[in-house]
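Colleague: The structure's right below; bear with me while I get my questions together.
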Amino acid sequence: MSIQRISSNDLSDISQTMLLTLYMRSLESQRTDGMISHPLYQEMVSQIDYDFSKWDNYEDLQAYLAVRTLLFDQLINEFIADNPNGCVCNIASGLGIGFTLAENSNVTWLDIDLPPVIQLRQKLIGNKKNVHAIACSVWDFDWINHIAKDTPLLIVIEGLLLYFEEADVKRLFLSLIDRLPS
């Protein structure tokens, strides 16, 4: 009996870059001396109908993404330790699993991404305690209204900004500053 794999056909070219990131993390996670390790990476790769093999020889990128994951996880862990009732807002969350760092806390986790990405996340990961998915473009800015104005906040943006012009990035940060005065 074959397992029905989840289609990735609805993803735009930019959204598909999250599959590269996921795959590199999965490969690193399989190494006995890997810098990162989480079974969820392999589980997700095995469920997605996509030709990941085209990225089999990107060892430098694999190492870079593992280090990036370690650094972001460290920052998130420090924030959670200092703000156990805070909010982590993961902009363009892709298939990141940073939310697993907050499972045993009162931290609210917001995953912001395009609707096809959020739909894929839901199929792969399902619902998790304290994790709220918001399906929209980051440039919609209405998602900012979901963030409590009086709660300590960590904004995580891993791989999004390199795709946009400086003026767009500035507009994003000015919108955050304007709507979240604390």
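Residue numbering restarts at 1 for every chain of the structure tokens, chains are lettered A, B, ... in their displayed order, and ligands are numbered from 1 as they appear.
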Going by DSSP on the backbone, which residues of segment 39-130 of chain A come out as strand (DSSP E or B)? List them as a ChimeraX atom specification.
Modeller: /A:48-49,87-91,108-113
Colleague: Give one line per residue of segment 65-128 of chain A that approaches segment 149-158 of chain A to at most 10 Å, naming the two atoms of the closest pair and their distance in Å to one decimal, counting only C-alpha atoms; sort by chain then ascending residue number and deliver it as CSV.
Modeller:
residue,atom,partner,partner_atom,distance
A:Arg68,CA,A:Glu158,CA,8.3
A:Thr69,CA,A:Glu158,CA,8.9
A:Phe72,CA,A:Val156,CA,8.0
A:Leu75,CA,A:Leu154,CA,9.1
A:Ile76,CA,A:Leu154,CA,7.7
A:Phe79,CA,A:Leu154,CA,7.1
A:Ile80,CA,A:Leu154,CA,9.1
A:Asp82,CA,A:Pro152,CA,9.4
A:Asn83,CA,A:Pro152,CA,6.6
A:Pro84,CA,A:Pro152,CA,9.2
A:Asn85,CA,A:Thr151,CA,7.5
A:Gly86,CA,A:Pro152,CA,4.7
A:Cys87,CA,A:Leu153,CA,4.9
A:Val88,CA,A:Leu154,CA,4.8
A:Cys89,CA,A:Ile155,CA,4.8
A:Asn90,CA,A:Val156,CA,4.7
A:Ile91,CA,A:Ile157,CA,5.2
A:Ala92,CA,A:Ile157,CA,6.7
A:Ser93,CA,A:Ile157,CA,7.7
A:Gly94,CA,A:Glu158,CA,9.5
A:Gly96,CA,A:Glu158,CA,9.4
A:Gly98,CA,A:Val156,CA,9.8
A:Val107,CA,A:Pro152,CA,9.7
A:Thr108,CA,A:Leu153,CA,9.5
A:Trp109,CA,A:Leu154,CA,9.7
A:Leu110,CA,A:Ile155,CA,9.5
A:Asp111,CA,A:Val156,CA,9.7
Colleague: Could you write those residues out with N, CA, C and O atoms, as a CSV table (one decimal), in the first residue's frame?
Modeller:
chain,number,residue,atom,x,y,z
A,68,ARG,N,22.5,28.6,10.9
A,68,ARG,CA,21.4,29.7,11.0
A,68,ARG,C,20.3,29.1,11.9
A,68,ARG,O,19.8,29.9,12.8
A,69,THR,N,19.9,27.9,11.8
A,69,THR,CA,18.9,27.3,12.6
A,69,THR,C,19.3,27.3,14.1
A,69,THR,O,18.6,27.7,15.0
A,72,PHE,N,19.2,31.0,15.4
A,72,PHE,CA,17.8,31.4,15.6
A,72,PHE,C,17.2,30.7,16.8
A,72,PHE,O,16.5,31.3,17.6
A,75,LEU,N,18.4,32.3,20.0
A,75,LEU,CA,17.8,33.6,20.2
A,75,LEU,C,16.4,33.4,20.7
A,75,LEU,O,15.9,34.0,21.7
A,76,ILE,N,15.7,32.4,20.1
A,76,ILE,CA,14.3,32.2,20.5
A,76,ILE,C,14.3,31.6,22.0
A,76,ILE,O,13.4,32.0,22.8
A,79,PHE,N,14.9,34.4,24.4
A,79,PHE,CA,13.7,35.2,24.5
A,79,PHE,C,12.6,34.6,25.4
A,79,PHE,O,12.0,35.2,26.3
A,80,ILE,N,12.4,33.3,25.1
A,80,ILE,CA,11.4,32.5,25.9
A,80,ILE,C,11.8,32.5,27.4
A,80,ILE,O,10.9,32.6,28.3
A,82,ASP,N,13.5,34.6,29.0
A,82,ASP,CA,13.3,36.0,29.6
A,82,ASP,C,11.9,36.4,29.6
A,82,ASP,O,11.5,37.3,30.4
A,83,ASN,N,11.1,35.9,28.7
A,83,ASN,CA,9.7,36.3,28.5
A,83,ASN,C,8.7,35.1,28.4
A,83,ASN,O,8.2,34.9,27.3
A,84,PRO,N,8.5,34.4,29.5
A,84,PRO,CA,7.7,33.2,29.4
A,84,PRO,C,6.3,33.4,29.0
A,84,PRO,O,5.6,32.4,28.7
A,85,ASN,N,5.8,34.6,29.0
A,85,ASN,CA,4.5,34.9,28.6
A,85,ASN,C,4.5,35.8,27.3
A,85,ASN,O,3.5,36.5,27.0
A,86,GLY,N,5.6,35.8,26.6
A,86,GLY,CA,5.7,36.7,25.4
A,86,GLY,C,5.1,36.1,24.2
A,86,GLY,O,4.4,35.1,24.2
A,87,CYS,N,5.4,36.7,23.1
A,87,CYS,CA,4.9,36.3,21.7
A,87,CYS,C,6.1,36.2,20.8
A,87,CYS,O,6.9,37.2,20.7
A,88,VAL,N,6.2,35.1,20.1
A,88,VAL,CA,7.1,35.0,19.0
A,88,VAL,C,6.4,35.1,17.7
A,88,VAL,O,5.4,34.3,17.5
A,89,CYS,N,6.7,36.0,16.8
A,89,CYS,CA,6.0,36.2,15.5
A,89,CYS,C,7.0,35.8,14.5
A,89,CYS,O,8.0,36.5,14.2
A,90,ASN,N,6.7,34.7,13.8
A,90,ASN,CA,7.6,34.1,12.8
A,90,ASN,C,7.1,34.5,11.4
A,90,ASN,O,6.1,33.9,10.9
A,91,ILE,N,7.7,35.5,10.8
A,91,ILE,CA,7.2,36.1,9.5
A,91,ILE,C,7.8,35.3,8.4
A,91,ILE,O,9.0,35.0,8.4
A,92,ALA,N,7.0,34.8,7.5
A,92,ALA,CA,7.4,33.9,6.4
A,92,ALA,C,8.0,32.6,7.0
A,92,ALA,O,9.1,32.2,6.7
A,93,SER,N,7.1,32.0,7.8
A,93,SER,CA,7.6,30.9,8.6
A,93,SER,C,7.9,29.7,7.8
A,93,SER,O,8.7,28.8,8.3
A,94,GLY,N,7.4,29.5,6.6
A,94,GLY,CA,7.7,28.4,5.8
A,94,GLY,C,7.4,27.1,6.6
A,94,GLY,O,6.3,27.0,7.2
A,96,GLY,N,9.4,26.0,9.0
A,96,GLY,CA,10.3,26.0,10.2
A,96,GLY,C,9.6,25.4,11.4
A,96,GLY,O,8.3,25.4,11.5
A,98,GLY,N,10.5,26.1,14.7
A,98,GLY,CA,10.9,26.8,15.9
A,98,GLY,C,9.8,26.8,17.0
A,98,GLY,O,10.1,26.9,18.2
A,107,VAL,N,4.2,30.9,26.0
A,107,VAL,CA,4.5,31.8,24.8
A,107,VAL,C,3.5,31.6,23.7
A,107,VAL,O,3.1,30.5,23.4
A,108,THR,N,3.0,32.7,23.2
A,108,THR,CA,2.2,32.6,22.0
A,108,THR,C,3.1,32.6,20.8
A,108,THR,O,4.0,33.4,20.7
A,109,TRP,N,2.8,31.8,19.8
A,109,TRP,CA,3.6,31.7,18.6
A,109,TRP,C,2.7,32.0,17.4
A,109,TRP,O,1.6,31.4,17.2
A,110,LEU,N,3.1,33.0,16.6
A,110,LEU,CA,2.4,33.3,15.4
A,110,LEU,C,3.2,33.0,14.2
A,110,LEU,O,4.3,33.4,14.0
A,111,ASP,N,2.6,32.1,13.3
A,111,ASP,CA,3.3,31.8,12.0
A,111,ASP,C,2.6,32.6,10.9
A,111,ASP,O,1.4,32.4,10.7
Colleague: Between atom CA of Gln47 of chain A and atom CA of Asp10 of chain A, what distance in Å does the model show, to one decimal?
Modeller: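 Computed distance, atom CA of Gln47 of chain A to atom CA of Asp10 of chain A, equals 15.4 Å.
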Colleague: Which residues are close to Leu176 of chain A, i.e. within 10 Å by only C-alpha atoms, leaving aside same-chain residues fewer than 6 positions away? Reply as a PyMOL selection string.
Modeller: chain A and resi 141+144-145+155+170
Colleague: So, counting only C-alpha atoms, which residue among A:Leu19, A:Tyr64, A:Gln30, A:Asp113 is closest to Phe52 of chain A?
Modeller: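 Using only C-alpha atoms, Phe52 of chain A sits closest to A:Leu19.
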Colleague: Give me every helix (DSSP H, G or I) residue in chain A, going by DSSP on the backbone, as a count of residues only.
Modeller: 96
Colleague: Determine the nearest neighbour of Leu114 of chain A from the options A:Cys136, A:Val131, A:Leu172, A:Arg25, counting only C-alpha atoms.
Modeller: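 Of A:Cys136, A:Val131, A:Leu172, A:Arg25, the one nearest Leu114 of chain A, counting only C-alpha atoms, is A:Cys136.
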Colleague: Glu43 of chain A: which residues within 9 Å, counting only C-alpha atoms, same-chain residues fewer than 4 positions away excluded, as an NGL selection string?
Modeller: :A and (26 or 39 or 47 or 124)
Colleague: Could you take the residues named above and write them with all heavy atoms, as a tab-separated table (two decimals), in the first residue's frame?
Modeller:
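Saved result, selection-v2.tsv, follows:
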chain	number	residue	atom	x	y	z
A	26	SER	N	16.78	18.58	7.03
A	26	SER	CA	16.53	17.14	7.13
A	26	SER	C	17.83	16.36	6.93
A	26	SER	O	18.13	15.43	7.70
A	26	SER	CB	15.49	16.72	6.10
A	26	SER	OG	15.35	15.33	6.06
A	39	PRO	N	13.38	14.83	14.40
A	39	PRO	CA	12.73	13.89	13.49
A	39	PRO	C	11.64	14.53	12.62
A	39	PRO	O	11.32	14.00	11.56
A	39	PRO	CB	12.13	12.84	14.42
A	39	PRO	CG	12.07	13.48	15.76
A	39	PRO	CD	13.17	14.49	15.80
A	47	GLN	N	6.70	13.21	3.54
A	47	GLN	CA	5.28	13.38	3.24
A	47	GLN	C	5.00	14.27	2.03
A	47	GLN	O	3.89	14.29	1.52
A	47	GLN	CB	4.56	13.98	4.45
A	47	GLN	CG	4.51	13.06	5.65
A	47	GLN	CD	3.85	13.75	6.82
A	47	GLN	OE1	2.73	14.24	6.71
A	47	GLN	NE2	4.54	13.83	7.94
A	124	LEU	N	0.93	19.06	7.24
A	124	LEU	CA	2.13	18.37	7.73
A	124	LEU	C	2.23	18.34	9.25
A	124	LEU	O	2.63	17.34	9.83
A	124	LEU	CB	3.40	19.03	7.16
A	124	LEU	CG	3.62	18.88	5.68
A	124	LEU	CD1	4.72	19.82	5.21
A	124	LEU	CD2	3.96	17.44	5.33
Colleague: Measuring between only C-alpha atoms, which one of A:Ile177, A:Leu22, A:Ser12, A:Gly126 shows the shortest distance to His38 of chain A?
Modeller: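 Closest to His38 of chain A of all the choices is A:Leu22.
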Colleague: Expressed in Å to a single decimal, how great is the separation between atom CA of Ile48 of chain A and atom CA of Ile118 of chain A?
Modeller: 14.1 Å
Colleague: Can you work out the spacing between atom CA of Arg5 of chain A and atom CA of Arg121 of chain A in Å, to one decimal?
Modeller: 13.6 Å
Colleague: With only C-alpha atoms as the atoms that count, which of A:Pro115, A:Ser8, A:Trp139, A:Asp13 lies nearest to Leu174 of chain A?
Modeller: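 Result for the nearest residue to Leu174 of chain A: A:Trp139.
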Colleague: Go through A:Ala135, A:Leu71, A:Ile147, A:Leu20 and flag the residue nearest Trp55 of chain A, using only C-alpha atoms for the distances.
Modeller: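 Of A:Ala135, A:Leu71, A:Ile147, A:Leu20, the one nearest Trp55 of chain A is A:Leu20, counting only C-alpha atoms.
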Colleague: Return the single residue from A:Gly159, A:Ser7, A:Ile112, A:Ser15 that is closest to Ser46 of chain A, with distances computed using only C-alpha atoms.
Modeller: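 The shortest atom-to-atom distance to Ser46 of chain A comes from A:Ser7.
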